$ cat input_4.cif   # mmCIF, C-alpha atoms
data_final
loop_
_atom_site.label_atom_id
_atom_site.label_comp_id
_atom_site.auth_asym_id
_atom_site.auth_seq_id
_atom_site.Cartn_x
_atom_site.Cartn_y
_atom_site.Cartn_z
CA MET A 98 -22.36 -39.74 36.29
CA ALA A 99 -21.95 -41.06 32.76
CA ASP A 100 -24.08 -38.25 31.38
CA ALA A 101 -21.88 -35.67 33.10
CA LEU A 102 -18.77 -37.25 31.62
CA TRP A 103 -20.28 -37.17 28.14
CA ILE A 104 -21.24 -33.52 28.57
CA LEU A 105 -17.72 -32.69 29.78
CA LEU A 106 -16.17 -34.60 26.88
CA LEU A 107 -18.42 -32.83 24.39
CA ALA A 108 -17.52 -29.45 25.88
CA LEU A 109 -13.81 -30.26 25.61
CA LEU A 110 -14.22 -31.31 21.98
CA VAL A 111 -16.10 -28.10 21.17
CA ALA A 112 -13.42 -26.00 22.90
CA ALA A 113 -10.64 -27.81 21.03
CA GLY A 114 -12.48 -27.39 17.73
CA LEU A 115 -12.97 -23.67 18.34
CA ALA A 116 -9.26 -23.32 19.20
CA VAL A 117 -8.32 -24.95 15.90
CA VAL A 118 -10.81 -22.80 13.99
CA ARG A 119 -9.48 -19.67 15.67
CA ARG A 120 -5.95 -20.47 14.56
CA ARG A 121 -6.65 -21.81 11.07
CA LEU A 122 -9.84 -19.95 10.09
CA PRO A 123 -9.95 -16.67 12.03
CA VAL A 124 -12.71 -15.22 9.84
CA LEU A 125 -15.02 -18.16 10.58
CA PHE A 126 -14.20 -17.97 14.30
CA TRP A 127 -15.02 -14.27 14.28
CA TRP A 128 -18.46 -14.88 12.76
CA LEU A 129 -19.22 -17.78 15.10
CA VAL A 130 -17.86 -16.45 18.40
CA GLY A 131 -16.04 -13.14 18.12
CA TYR A 132 -18.73 -10.93 16.63
CA PRO A 133 -21.58 -12.04 18.94
CA ALA A 134 -19.37 -11.73 22.03
CA VAL A 135 -17.90 -8.31 21.17
CA THR A 136 -21.29 -6.96 20.04
CA LEU A 137 -22.92 -8.00 23.32
CA ARG A 138 -20.05 -6.40 25.26
CA VAL A 139 -20.33 -3.16 23.28
CA LEU A 140 -24.12 -2.90 23.66
CA THR A 141 -24.13 -3.61 27.41
CA THR A 142 -21.16 -1.39 28.36
CA TYR A 143 -21.36 1.38 25.75
CA ARG A 144 -22.53 4.20 28.06
CA ALA A 145 -20.21 3.25 30.94
CA THR A 146 -17.20 2.84 28.63
CA MET A 147 -17.75 6.17 26.91
CA ASP A 148 -18.10 7.86 30.30
CA ALA A 149 -14.92 6.22 31.63
CA CYS A 150 -13.00 7.30 28.51
CA GLY A 151 -14.19 10.91 28.81
CA LEU A 152 -16.27 10.76 25.64
CA THR A 153 -19.57 11.89 27.17
CA VAL A 154 -21.08 15.37 27.54
CA PRO A 155 -23.32 16.77 30.30
CA ALA A 156 -27.04 16.23 29.87
CA SER A 157 -29.13 19.02 28.39
CA ALA A 158 -31.07 21.44 30.59
CA MET A 159 -34.33 19.71 29.75
CA ARG A 160 -32.96 16.31 30.79
CA ARG A 161 -31.58 17.73 34.02
CA ALA A 162 -34.94 19.33 34.84
CA THR A 163 -36.80 16.11 34.10
CA ALA A 164 -34.38 14.14 36.25
CA ARG A 165 -34.87 16.54 39.19
CA MET A 166 -38.65 16.16 38.94
CA VAL A 167 -38.36 12.38 39.51
CA GLY A 168 -35.64 12.75 42.13
CA ARG A 169 -32.74 11.45 40.05
CA GLN A 170 -29.45 12.81 38.74
CA ALA A 171 -29.08 13.23 34.96
CA ALA A 172 -26.37 10.92 33.63
CA PRO A 173 -23.79 12.17 31.09
CA VAL A 174 -24.80 11.59 27.48
CA PRO A 175 -22.59 9.46 25.17
CA PRO A 176 -22.44 10.01 21.39
CA ARG A 177 -25.36 8.58 19.47
CA ARG A 178 -24.41 5.36 17.69
CA SER A 179 -25.67 2.95 15.10
CA LEU A 180 -25.95 -0.79 15.60
CA PRO A 181 -22.59 -2.62 15.44
CA LEU A 182 -22.45 -4.04 11.91
CA PRO A 183 -20.12 -6.97 11.12
CA THR A 184 -17.27 -6.71 8.63
CA GLY A 185 -14.82 -9.27 7.29
CA SER A 186 -12.36 -8.53 10.09
CA GLY A 187 -14.41 -6.94 12.88
CA LEU A 188 -17.34 -4.61 13.26
CA VAL A 189 -18.11 -0.97 12.55
CA MET A 190 -20.27 1.63 14.29
CA ARG A 191 -21.17 5.10 13.09
CA LEU A 192 -21.18 7.76 15.77
CA ARG A 193 -22.69 11.23 15.88
CA MET A 194 -20.47 13.42 18.00
CA ALA A 195 -21.95 15.80 20.55
CA ALA A 196 -21.27 19.53 20.50
CA GLY A 197 -17.70 20.26 21.52
CA GLN A 198 -16.33 16.84 20.59
CA ALA A 199 -13.71 16.24 17.87
CA PRO A 200 -12.32 13.12 16.16
CA GLU A 201 -9.03 13.69 17.99
CA ASP A 202 -10.79 12.91 21.29
CA PHE A 203 -11.76 9.47 20.00
CA ASN A 204 -8.30 8.86 18.52
CA ALA A 205 -6.75 9.56 21.91
CA ALA A 206 -9.14 7.10 23.57
CA ALA A 207 -8.82 4.36 20.91
CA ASP A 208 -6.45 2.23 22.98
CA ARG A 209 -8.71 2.41 26.04
CA LEU A 210 -11.73 1.44 23.94
CA ARG A 211 -9.75 -1.52 22.58
CA HIS A 212 -9.06 -2.87 26.05
CA ALA A 213 -12.57 -2.20 27.33
CA TRP A 214 -14.25 -4.09 24.49
CA GLY A 215 -11.64 -6.86 24.04
CA ALA A 216 -10.82 -5.97 20.42
CA HIS A 217 -7.43 -6.29 18.72
CA ALA A 218 -7.49 -2.67 17.51
CA VAL A 219 -9.84 0.31 17.23
CA HIS A 220 -9.61 2.73 14.30
CA VAL A 221 -11.37 6.08 14.01
CA ARG A 222 -12.21 7.69 10.67
CA PRO A 223 -14.18 10.95 10.23
CA THR A 224 -16.85 10.59 7.55
CA LYS A 225 -18.52 14.01 7.53
CA PRO A 226 -18.71 17.02 9.89
CA GLY A 227 -20.01 15.82 13.22
CA ARG A 228 -19.90 12.12 12.33
CA LEU A 229 -17.24 9.45 12.41
CA GLU A 230 -16.76 5.74 11.92
CA LEU A 231 -15.53 3.55 14.75
CA ARG A 232 -14.03 0.32 13.39
CA LEU A 233 -13.11 -2.56 15.70
CA VAL A 234 -10.72 -5.22 14.40
CA GLY A 235 -11.24 -8.65 15.92
CA TRP A 236 -7.75 -10.14 15.41
CA ASP A 237 -4.37 -9.37 13.88
CA VAL A 238 -5.25 -9.42 10.20
CA LEU A 239 -1.58 -9.00 9.22
CA THR A 240 -0.65 -12.43 10.58
CA ASP A 241 -1.77 -14.31 7.45
CA VAL A 242 -2.48 -12.15 4.39
CA ARG A 243 -4.12 -13.76 1.39
CA PRO A 244 -4.51 -12.22 -2.08
CA PRO A 245 -7.67 -10.14 -2.52
CA ARG A 246 -10.78 -11.86 -3.80
CA ARG A 247 -11.50 -11.94 -7.51
CA TRP A 248 -14.49 -9.67 -7.16
CA LEU A 249 -12.25 -6.84 -5.92
CA ARG A 250 -12.26 -4.91 -9.21
CA THR A 251 -10.09 -1.86 -9.74
CA GLU A 252 -9.61 0.77 -12.42
CA PRO A 253 -6.64 0.77 -14.81
CA LEU A 254 -3.34 1.54 -13.09
CA THR A 255 -4.82 0.80 -9.66
CA LEU A 256 -3.65 -2.28 -7.76
CA PRO A 257 -4.56 -3.74 -4.34
CA LEU A 258 -1.04 -4.48 -3.09
CA ALA A 259 -1.21 -4.91 0.69
CA LEU A 260 -3.71 -5.40 3.48
CA ARG A 261 -3.92 -2.61 6.03
CA GLU A 262 -4.19 -3.27 9.75
CA ASP A 263 -7.78 -1.96 9.75
CA GLY A 264 -8.87 -4.67 7.30
CA HIS A 265 -9.01 -2.50 4.18
CA TRP A 266 -6.71 -2.99 1.20
CA HIS A 267 -4.00 -0.51 0.37
CA VAL A 268 -4.63 0.30 -3.28
CA ARG A 269 -1.79 1.74 -5.35
CA ASP A 270 -3.35 4.32 -7.69
CA PHE A 271 -0.77 5.64 -10.13
CA ARG A 272 -3.01 8.43 -11.43
CA THR A 273 -3.48 9.79 -7.91
CA VAL A 274 0.02 9.04 -6.54
CA PRO A 275 2.19 8.83 -9.66
CA HIS A 276 5.59 8.14 -8.05
CA GLU A 277 6.57 6.02 -5.05
CA LEU A 278 9.60 5.30 -2.88
CA ILE A 279 9.95 1.76 -1.49
CA LEU A 280 12.59 1.11 1.20
CA GLY A 281 13.48 -2.05 3.05
CA ALA A 282 16.43 -4.04 4.32
CA THR A 283 17.37 -7.52 3.11
CA GLN A 284 14.67 -10.08 3.96
CA SER A 285 12.24 -7.34 4.98
CA GLY A 286 9.60 -8.13 2.35
CA LYS A 287 10.44 -5.35 -0.10
CA SER A 288 10.95 -7.81 -2.97
CA VAL A 289 7.57 -9.46 -2.29
CA TYR A 290 5.84 -6.06 -2.44
CA LEU A 291 7.61 -5.37 -5.73
CA ARG A 292 6.58 -8.77 -7.14
CA ASN A 293 2.93 -8.06 -6.38
CA LEU A 294 3.29 -4.68 -8.06
CA LEU A 295 4.92 -6.10 -11.20
CA CYS A 296 2.43 -8.97 -11.49
CA GLY A 297 -0.51 -6.61 -11.14
CA LEU A 298 0.86 -4.29 -13.82
CA ALA A 299 1.85 -7.20 -16.08
CA ARG A 300 -1.83 -8.04 -16.56
CA GLN A 301 -2.59 -4.52 -17.79
CA PRO A 302 -1.66 -2.74 -21.05
CA VAL A 303 1.34 -1.02 -19.50
CA ALA A 304 4.98 -0.73 -20.58
CA LEU A 305 7.29 -1.94 -17.80
CA VAL A 306 10.84 -0.57 -17.72
CA GLY A 307 13.43 -1.94 -15.32
CA ILE A 308 16.66 -0.38 -14.05
CA ASP A 309 18.65 -2.83 -11.95
CA CYS A 310 22.34 -2.06 -11.58
CA LYS A 311 23.07 -5.32 -9.73
CA TRP A 312 23.55 -6.93 -13.16
CA GLY A 313 19.80 -7.45 -13.39
CA VAL A 314 19.58 -10.19 -10.76
CA GLU A 315 16.42 -8.72 -9.18
CA LEU A 316 14.46 -7.85 -12.32
CA ALA A 317 15.83 -10.45 -14.77
CA PRO A 318 13.20 -13.08 -13.77
CA PHE A 319 10.53 -10.68 -15.08
CA ALA A 320 12.32 -9.96 -18.36
CA ALA A 321 9.65 -11.70 -20.43
CA ARG A 322 7.25 -8.84 -19.63
CA LEU A 323 9.71 -5.93 -19.58
CA SER A 324 9.85 -3.48 -22.48
CA ALA A 325 13.36 -2.41 -21.43
CA LEU A 326 15.98 -3.46 -18.90
CA ALA A 327 19.24 -1.71 -17.93
CA ASP A 328 21.65 -3.67 -15.74
CA THR A 329 24.64 -1.30 -15.46
CA PRO A 330 24.96 2.41 -14.60
CA ASP A 331 26.07 3.22 -18.15
CA ARG A 332 23.07 1.44 -19.65
CA ALA A 333 20.82 3.09 -17.08
CA ASN A 334 22.13 6.50 -18.06
CA ASP A 335 21.37 5.80 -21.73
CA LEU A 336 17.92 4.42 -20.90
CA LEU A 337 17.05 7.51 -18.88
CA ASP A 338 18.00 9.64 -21.90
CA VAL A 339 15.54 7.66 -23.99
CA LEU A 340 12.81 8.00 -21.39
CA VAL A 341 13.30 11.77 -21.25
CA ASP A 342 13.06 11.87 -25.06
CA GLU A 343 9.86 9.81 -24.89
CA MET A 344 8.42 12.20 -22.33
CA GLU A 345 9.24 15.24 -24.45
CA ALA A 346 7.67 13.61 -27.52
CA ARG A 347 4.48 12.97 -25.55
CA PHE A 348 4.32 16.57 -24.44
CA ARG A 349 4.60 17.67 -28.06
CA LEU A 350 1.77 15.27 -28.88
CA ILE A 351 -0.37 16.74 -26.12
CA GLY A 352 0.30 20.23 -27.42
CA MET A 353 -0.55 19.35 -31.01
CA ARG A 354 -3.73 17.40 -30.30
CA GLY A 355 -5.00 19.35 -27.35
CA GLY A 356 -5.04 22.89 -28.65
CA THR A 357 -5.63 22.98 -32.41
CA GLY A 358 -8.87 23.56 -34.27
CA PRO A 359 -12.17 25.00 -33.05
CA ASP A 360 -13.38 21.62 -31.73
CA ALA A 361 -10.13 20.61 -30.09
CA VAL A 362 -10.26 19.05 -26.64
CA LEU A 363 -8.11 21.00 -24.20
CA THR A 364 -6.00 18.77 -22.00
CA SER A 365 -2.83 18.93 -19.97
CA ASP A 366 -2.01 15.21 -19.86
CA VAL A 367 -2.23 12.08 -21.99
CA TRP A 368 -5.42 10.91 -20.28
CA GLY A 369 -7.35 13.77 -21.85
CA LEU A 370 -6.41 12.90 -25.43
CA PRO A 371 -9.50 11.84 -27.40
CA LYS A 372 -7.82 8.95 -29.23
CA ALA A 373 -4.46 7.29 -29.94
CA ARG A 374 -3.48 7.75 -26.31
CA PRO A 375 0.15 6.77 -25.55
CA VAL A 376 0.55 3.66 -23.44
CA PRO A 377 1.47 4.28 -19.75
CA VAL A 378 5.07 3.56 -18.78
CA VAL A 379 6.07 2.41 -15.28
CA VAL A 380 9.80 2.70 -14.54
CA VAL A 381 11.04 0.46 -11.72
CA VAL A 382 14.42 1.52 -10.30
CA ASP A 383 15.65 -1.31 -8.08
CA GLU A 384 18.40 -0.70 -5.50
CA VAL A 385 18.77 2.99 -6.18
CA ALA A 386 21.99 3.19 -4.11
CA GLU A 387 23.78 0.98 -6.65
CA LEU A 388 22.69 3.36 -9.38
CA PHE A 389 24.30 6.34 -7.65
CA LEU A 390 27.58 4.84 -6.42
CA ALA A 391 30.54 6.95 -7.50
CA ALA A 392 34.21 5.98 -7.29
CA SER A 393 35.67 8.71 -9.50
CA LYS A 394 34.95 12.17 -10.87
CA ASP A 395 33.46 10.68 -14.02
CA ASP A 396 31.13 8.52 -11.91
CA GLU A 397 30.03 11.59 -9.98
CA LYS A 398 29.20 13.45 -13.19
CA ARG A 399 27.19 10.48 -14.45
CA ARG A 400 25.43 10.15 -11.11
CA ASP A 401 24.45 13.82 -11.03
CA ALA A 402 23.21 13.54 -14.60
CA MET A 403 21.05 10.50 -13.76
CA VAL A 404 19.60 12.20 -10.68
CA THR A 405 18.72 15.21 -12.83
CA LYS A 406 16.95 12.98 -15.36
CA LEU A 407 15.03 11.14 -12.67
CA ILE A 408 13.95 14.46 -11.17
CA ARG A 409 12.71 15.61 -14.59
CA LEU A 410 10.76 12.39 -15.02
CA ALA A 411 9.30 12.75 -11.53
CA GLN A 412 8.33 16.39 -12.01
CA LEU A 413 6.85 16.09 -15.50
CA GLY A 414 6.26 12.39 -16.08
CA ARG A 415 2.76 12.20 -14.61
CA ALA A 416 1.24 14.31 -17.37
CA ALA A 417 3.03 12.18 -19.98
CA GLY A 418 1.89 8.89 -18.45
CA ILE A 419 5.35 7.96 -17.10
CA TYR A 420 5.51 6.80 -13.49
CA LEU A 421 8.41 5.96 -11.16
CA GLU A 422 8.86 3.22 -8.56
CA VAL A 423 12.17 3.80 -6.78
CA CYS A 424 13.32 0.93 -4.51
CA GLY A 425 16.32 0.50 -2.26
CA GLN A 426 17.72 -0.65 1.07
CA ARG A 427 18.45 2.91 2.07
CA PHE A 428 17.91 6.40 0.72
CA GLY A 429 19.82 9.39 2.02
CA ALA A 430 21.64 12.58 1.16
CA GLU A 431 24.85 10.59 0.67
CA LEU A 432 23.45 9.46 -2.70
CA GLY A 433 24.48 12.80 -4.07
CA LYS A 434 23.17 16.17 -5.10
CA GLY A 435 19.46 16.15 -5.82
CA ALA A 436 18.54 13.07 -3.78
CA THR A 437 16.39 15.11 -1.40
CA MET A 438 14.73 16.87 -4.32
CA LEU A 439 13.97 13.52 -5.93
CA ARG A 440 12.47 12.23 -2.68
CA ALA A 441 10.13 15.23 -2.56
CA GLN A 442 8.62 14.15 -5.89
CA LEU A 443 8.06 10.55 -4.72
CA THR A 444 4.86 11.29 -2.81
CA GLY A 445 4.01 7.62 -2.21
CA ARG A 446 6.10 6.04 0.55
CA VAL A 447 6.44 2.40 1.61
CA CYS A 448 8.96 1.65 4.36
CA HIS A 449 9.63 -1.94 5.42
CA ARG A 450 12.05 -2.85 8.18
CA VAL A 451 15.24 -0.81 7.66
CA ASN A 452 18.73 -1.08 9.11
CA ASP A 453 18.97 2.51 10.33
CA GLU A 454 16.71 5.24 11.61
CA THR A 455 17.97 7.67 8.96
CA SER A 456 16.34 5.70 6.15
CA ALA A 457 13.03 5.56 8.03
CA ASN A 458 13.13 9.32 8.57
CA MET A 459 14.05 9.84 4.91
CA ALA A 460 11.03 7.80 3.86
CA LEU A 461 8.41 8.96 6.34
CA GLY A 462 9.84 11.76 8.47
CA ASP A 463 8.45 14.52 6.25
CA ILE A 464 5.00 12.87 6.29
CA ALA A 465 4.52 11.99 9.96
CA PRO A 466 7.24 11.52 12.61
CA GLU A 467 5.16 8.82 14.32
CA ALA A 468 5.10 6.86 11.04
CA ALA A 469 8.91 6.82 10.94
CA LEU A 470 8.95 5.64 14.56
CA ALA A 471 6.51 2.84 13.69
CA ALA A 472 8.76 1.73 10.81
CA THR A 473 11.77 1.38 13.12
CA ARG A 474 9.73 -0.95 15.37
CA ILE A 475 8.86 -3.54 12.72
CA PRO A 476 10.14 -6.89 14.05
CA ALA A 477 12.52 -8.94 11.93
CA GLU A 478 10.39 -12.06 12.35
CA ARG A 479 7.48 -10.45 10.45
CA PRO A 480 8.78 -9.92 6.89
CA GLY A 481 6.38 -8.11 4.60
CA VAL A 482 5.07 -5.72 7.25
CA ALA A 483 5.56 -2.11 6.18
CA VAL A 484 4.38 1.40 6.94
CA VAL A 485 2.64 3.16 4.06
CA GLY A 486 2.31 6.93 4.01
CA ASP A 487 1.21 9.61 1.59
CA SER A 488 1.58 13.36 1.21
CA SER A 489 -1.66 13.98 3.13
CA GLY A 490 0.01 12.88 6.37
CA GLY A 491 -1.96 9.67 6.73
CA TRP A 492 -0.17 6.38 7.33
CA SER A 493 -0.95 2.77 8.16
CA ARG A 494 0.75 -0.58 8.76
CA VAL A 495 0.30 -3.00 5.87
CA ARG A 496 1.47 -6.43 4.77
CA SER A 497 1.66 -7.84 1.24
CA PRO A 498 0.41 -11.35 0.43
CA HIS A 499 3.29 -13.74 -0.04
CA LEU A 500 4.22 -14.32 -3.69
CA THR A 501 7.11 -16.56 -4.67
CA LEU A 502 9.63 -15.58 -7.30
CA GLU A 503 8.64 -18.58 -9.46
CA ASP A 504 4.96 -17.63 -9.44
CA ALA A 505 5.74 -14.00 -10.24
CA ALA A 506 8.03 -14.98 -13.12
CA ALA A 507 5.32 -17.33 -14.47
CA VAL A 508 2.81 -14.46 -14.51
CA CYS A 509 5.25 -12.32 -16.49
CA ARG A 510 5.84 -15.12 -18.99
CA ASP A 511 2.12 -15.70 -19.42
CA THR A 512 1.50 -11.99 -20.07
CA SER A 513 4.46 -11.41 -22.40
CA GLY A 514 2.01 -10.90 -25.27
CA LEU A 515 0.81 -7.66 -23.66
CA ILE A 516 4.13 -5.85 -24.20
CA PRO A 517 3.25 -2.65 -26.11
CA GLU A 518 5.23 -1.34 -29.06
CA LEU A 519 7.51 1.53 -28.11
CA PRO A 520 10.17 1.97 -30.82
CA ARG A 521 12.44 4.09 -28.64
CA LEU A 522 12.81 1.24 -26.12
CA GLU A 523 13.50 -1.59 -28.58
CA THR A 524 17.26 -1.26 -28.15
CA PHE A 525 16.93 -1.99 -24.44
CA ARG A 526 14.51 -4.90 -24.80
CA PRO A 527 15.91 -7.85 -22.80
CA VAL A 528 16.61 -11.10 -24.63
CA VAL A 529 14.48 -14.03 -23.45
CA ALA A 530 15.36 -17.62 -24.29
CA GLN A 531 12.93 -19.44 -26.56
CA PRO A 532 10.63 -21.94 -24.82
CA SER A 533 11.45 -25.60 -25.08
CA ALA A 534 9.58 -28.75 -24.22
CA ALA A 535 11.81 -29.53 -21.26
CA HIS A 536 12.60 -26.13 -19.83
CA ALA A 537 10.61 -23.04 -18.99
CA VAL A 538 11.45 -19.65 -20.47
CA GLN A 539 14.47 -18.11 -18.78
CA PRO A 540 15.74 -14.57 -19.42
CA SER A 541 19.29 -14.09 -20.53
CA ALA A 542 21.79 -12.83 -18.03
CA ARG A 543 22.38 -9.61 -19.99
CA PRO A 544 20.15 -7.45 -22.15
CA VAL A 545 20.94 -6.56 -25.74
CA THR A 546 23.61 -3.91 -26.03
CA GLY A 547 22.78 -0.81 -28.03
#
$ encode --input "input_4.cif" --output "structure tokens"
Amino acid sequence: MADALWILLLALLVAAGLAVVRRRLPVLFWWLVGYPAVTLRVLTTYRATMDACGLTVPASAMRRATARMVGRQAAPVPPRRSLPLPTGSGLVMRLRMAAGQAPEDFNAAADRLRHAWGAHAVHVRPTKPGRLELRLVGWDVLTDVRPPRRWLRTEPLTLPLALREDGHWHVRDFRTVPHELILGATQSGKSVYLRNLLCGLARQPVALVGIDCKWGVELAPFAARLSALADTPDRANDLLDVLVDEMEARFRLIGMRGGTGPDAVLTSDVWGLPKARPVPVVVVVDEVAELFLAASKDDEKRRDAMVTKLIRLAQLGRAAGIYLEVCGQRFGAELGKGATMLRAQLTGRVCHRVNDETSANMALGDIAPEAALAATRIPAERPGVAVVGDSSGGWSRVRSPHLTLEDAAAVCRDTSGLIPELPRLETFRPVVAQPSAAHAVQPSARPVTG
């Protein structure tokens, strides 16, 4: 009797320990319990599950003839698979589709496969003609997102900003997707996404330019790393003029260095220049609606002029190494003439929880209607969750790792020595208070006036 009680007590302790591990250390729980259990379930029920989900094909004539010779009926044939291999958030199998099957068939059955195998989610990705990758996710990886590991190396102007629901990182590649639109309501996580973006760029040799017409309250904490900051519509209009001049000067440089002499290197952008390449410039426009508010005819003229300049930067800036990050709580046609044209140039889209369906459709409706619907269903109690889409039509739910404003500002102060020299932007360089023994560096409330 005593031995039975000890065994029962030990079992209860093990169960309680596993429950704590599952909540606090889901990766460890997956390796200890989740992966062996799901793998055994997949291996033992693979053929029956595929048949129930309509993912099998009739047996070949040779198999049917062989089955008749032994008095049996030939069973339907499922796709050939590899062994389930573990990943950091689940497992992955590579399938070879049978004749007549398509990846869309597996996408349609993904939810049924998820329930049959007890996984949190199932994602299907074609790898080559006739083959695809079936990825099972063991738990909700967006519940607690940590920064990527140090060994996750990226190229210049590429940043891992958010974890996708399939366990992969969403990497922002400016050279592939030069301009991006970020939307989100108050307390939706938009600011955290922007902090991760600014901190990642602050560590690279990049010129950061901020336009924040709410008197700089959003971007002022990062002033120590900014090459320029405009905090009013008038200042923003002047700064955009300077950026357009910088872009035109870079195009003249490309023309002079890329097409003269018998040994000249032909290029159409700054990345092809053999030497003395201009430093990349990332322009962050925060709360774009404030930039375009108009209360009079003069304001409307200024707004239309700024939209025109932003469109020019979006259309031609990639070749000159100038990239746009446009942020706001909403983005619609009411912002004025040219807003829809500007949106068409912002091929990267990130939509957090928004206050109205119109903003979600403006961000993702032209990419995939189901992506806009997913953005409207983001719960308010999960800040940081967003829907990321691109011009190819693909989209995914993501969540950025939490980054406090103090930590982000500290990164910008520590990297202030990386600010490149751009003479045209010196007039708009924000003033930063000198460090003291008792207080940390704090940016001034207003930038220098030109």
$ atom_distance --input "input_4.cif" --atom1 "CA of Val314 in chain A" --atom2 "CA of Thr255 in chain A"
26.8 Å
$ resolve_selection --input "input_4.cif" --expression "the PyMOL selection byres ((chain A and resi 326-330) around 7)" --output "NGL selection string"
:A and (306-313 or 323 or 325 or 331-334 or 336 or 388 or 525-527 or 544)
$ write_last_selection --input "input_4.cif" --atoms "C-alpha atoms" --output "short mmCIF file (atom, residue, chain, number, x, y, z; two decimals), keeping the file's coordinate frame"
data_model
loop_
_atom_site.label_atom_id
_atom_site.label_comp_id
_atom_site.auth_asym_id
_atom_site.auth_seq_id
_atom_site.Cartn_x
_atom_site.Cartn_y
_atom_site.Cartn_z
CA VAL A 306 10.84 -0.57 -17.72
CA GLY A 307 13.43 -1.94 -15.32
CA ILE A 308 16.66 -0.38 -14.05
CA ASP A 309 18.65 -2.83 -11.95
CA CYS A 310 22.34 -2.06 -11.58
CA LYS A 311 23.07 -5.32 -9.73
CA TRP A 312 23.55 -6.93 -13.16
CA GLY A 313 19.80 -7.45 -13.39
CA LEU A 323 9.71 -5.93 -19.58
CA ALA A 325 13.36 -2.41 -21.43
CA ASP A 331 26.07 3.22 -18.15
CA ARG A 332 23.07 1.44 -19.65
CA ALA A 333 20.82 3.09 -17.08
CA ASN A 334 22.13 6.50 -18.06
CA LEU A 336 17.92 4.42 -20.90
CA LEU A 388 22.69 3.36 -9.38
CA PHE A 525 16.93 -1.99 -24.44
CA ARG A 526 14.51 -4.90 -24.80
CA PRO A 527 15.91 -7.85 -22.80
CA PRO A 544 20.15 -7.45 -22.15
#
$ closest_residue --input "input_4.cif" --among "A:Gly187, A:Arg243, A:Arg209, A:Gly168" --to "Gly264 in chain A" --atoms "all atoms listed in the file"
A:Gly187
$ closest_residue --input "input_4.cif" --among "A:Arg349, A:Arg494, A:Arg474, A:Arg292" --to "Ala506 in chain A" --atoms "all atoms listed in the file"
A:Arg292
$ residues_near_point --input "input_4.cif" --point "(12.0, -8.4, 9.3)" --cutoff "6 Å" --atoms "only C-alpha atoms" --output "ChimeraX atom specification"
/A:285,450,476-480
$ closest_atom_pairs --input "input_4.cif" --of "range 144-222 of chain A" --to "range 230-236 of chain A" --cutoff "6 Å" --atoms "only C-alpha atoms" --output "CSV"
residue,atom,partner,partner_atom,distance
A:Ser186,CA,A:Val234,CA,5.7
A:Gly187,CA,A:Val234,CA,4.3
A:Leu188,CA,A:Leu233,CA,5.3
A:Val189,CA,A:Arg232,CA,4.4
A:Met190,CA,A:Leu231,CA,5.1
A:Arg191,CA,A:Glu230,CA,4.6
A:Ala216,CA,A:Gly235,CA,5.3
A:His217,CA,A:Trp236,CA,5.1
A:Ala218,CA,A:Val234,CA,5.2
A:Val219,CA,A:Leu233,CA,4.6
A:His220,CA,A:Arg232,CA,5.1
A:Val221,CA,A:Leu231,CA,4.9
A:Arg222,CA,A:Glu230,CA,5.1
$ residues_around --input "input_4.cif" --residues "range 376-385 of chain A" --least-positions-apart "4" --cutoff "6 Å" --atoms "only C-alpha atoms" --output "CSV table (one decimal) with C-alpha atoms, in the coordinates of the input"
chain,number,residue,atom,x,y,z
A,303,VAL,CA,1.3,-1.0,-19.5
A,304,ALA,CA,5.0,-0.7,-20.6
A,305,LEU,CA,7.3,-1.9,-17.8
A,306,VAL,CA,10.8,-0.6,-17.7
A,307,GLY,CA,13.4,-1.9,-15.3
A,308,ILE,CA,16.7,-0.4,-14.0
A,309,ASP,CA,18.6,-2.8,-12.0
A,418,GLY,CA,1.9,8.9,-18.4
A,419,ILE,CA,5.4,8.0,-17.1
A,420,TYR,CA,5.5,6.8,-13.5
A,421,LEU,CA,8.4,6.0,-11.2
A,422,GLU,CA,8.9,3.2,-8.6
A,423,VAL,CA,12.2,3.8,-6.8
A,424,CYS,CA,13.3,0.9,-4.5
A,425,GLY,CA,16.3,0.5,-2.3
$ atom_distance --input "input_4.cif" --atom1 "CA of Leu109 in chain A" --atom2 "CA of Val130 in chain A"
16.1 Å
$ residues_around --input "input_4.cif" --residues "Val135 in chain A" --least-positions-apart "2" --cutoff "8 Å" --atoms "all atoms listed in the file" --output "PyMOL selection string"
chain A and resi 131-133+137-139+214-216
$ write_last_selection --input "input_4.cif" --atoms "C-alpha atoms" --output "mmCIF file, in the frame of the given file"
data_model
loop_
_atom_site.group_PDB
_atom_site.id
_atom_site.type_symbol
_atom_site.label_atom_id
_atom_site.label_comp_id
_atom_site.auth_asym_id
_atom_site.auth_seq_id
_atom_site.Cartn_x
_atom_site.Cartn_y
_atom_site.Cartn_z
ATOM 1 C CA GLY A 131 -16.040 -13.140 18.120
ATOM 2 C CA TYR A 132 -18.730 -10.930 16.630
ATOM 3 C CA PRO A 133 -21.580 -12.040 18.940
ATOM 4 C CA LEU A 137 -22.920 -8.000 23.320
ATOM 5 C CA ARG A 138 -20.050 -6.400 25.260
ATOM 6 C CA VAL A 139 -20.330 -3.160 23.280
ATOM 7 C CA TRP A 214 -14.250 -4.090 24.490
ATOM 8 C CA GLY A 215 -11.640 -6.860 24.040
ATOM 9 C CA ALA A 216 -10.820 -5.970 20.420
#
$ atom_distance --input "input_4.cif" --atom1 "CA of Ile408 in chain A" --atom2 "CA of Leu522 in chain A"
20.0 Å
$ resolve_selection --input "input_4.cif" --expression "the PyMOL selection byres ((chain A and resi 270) around 10)" --output "list in words"
Thr251, Glu252, Pro253, Leu254, Thr255, Leu256, Pro257, His267, Val268, Arg269, Phe271, Arg272, Thr273, Val274, Pro275, His276 and Gly445 of chain A
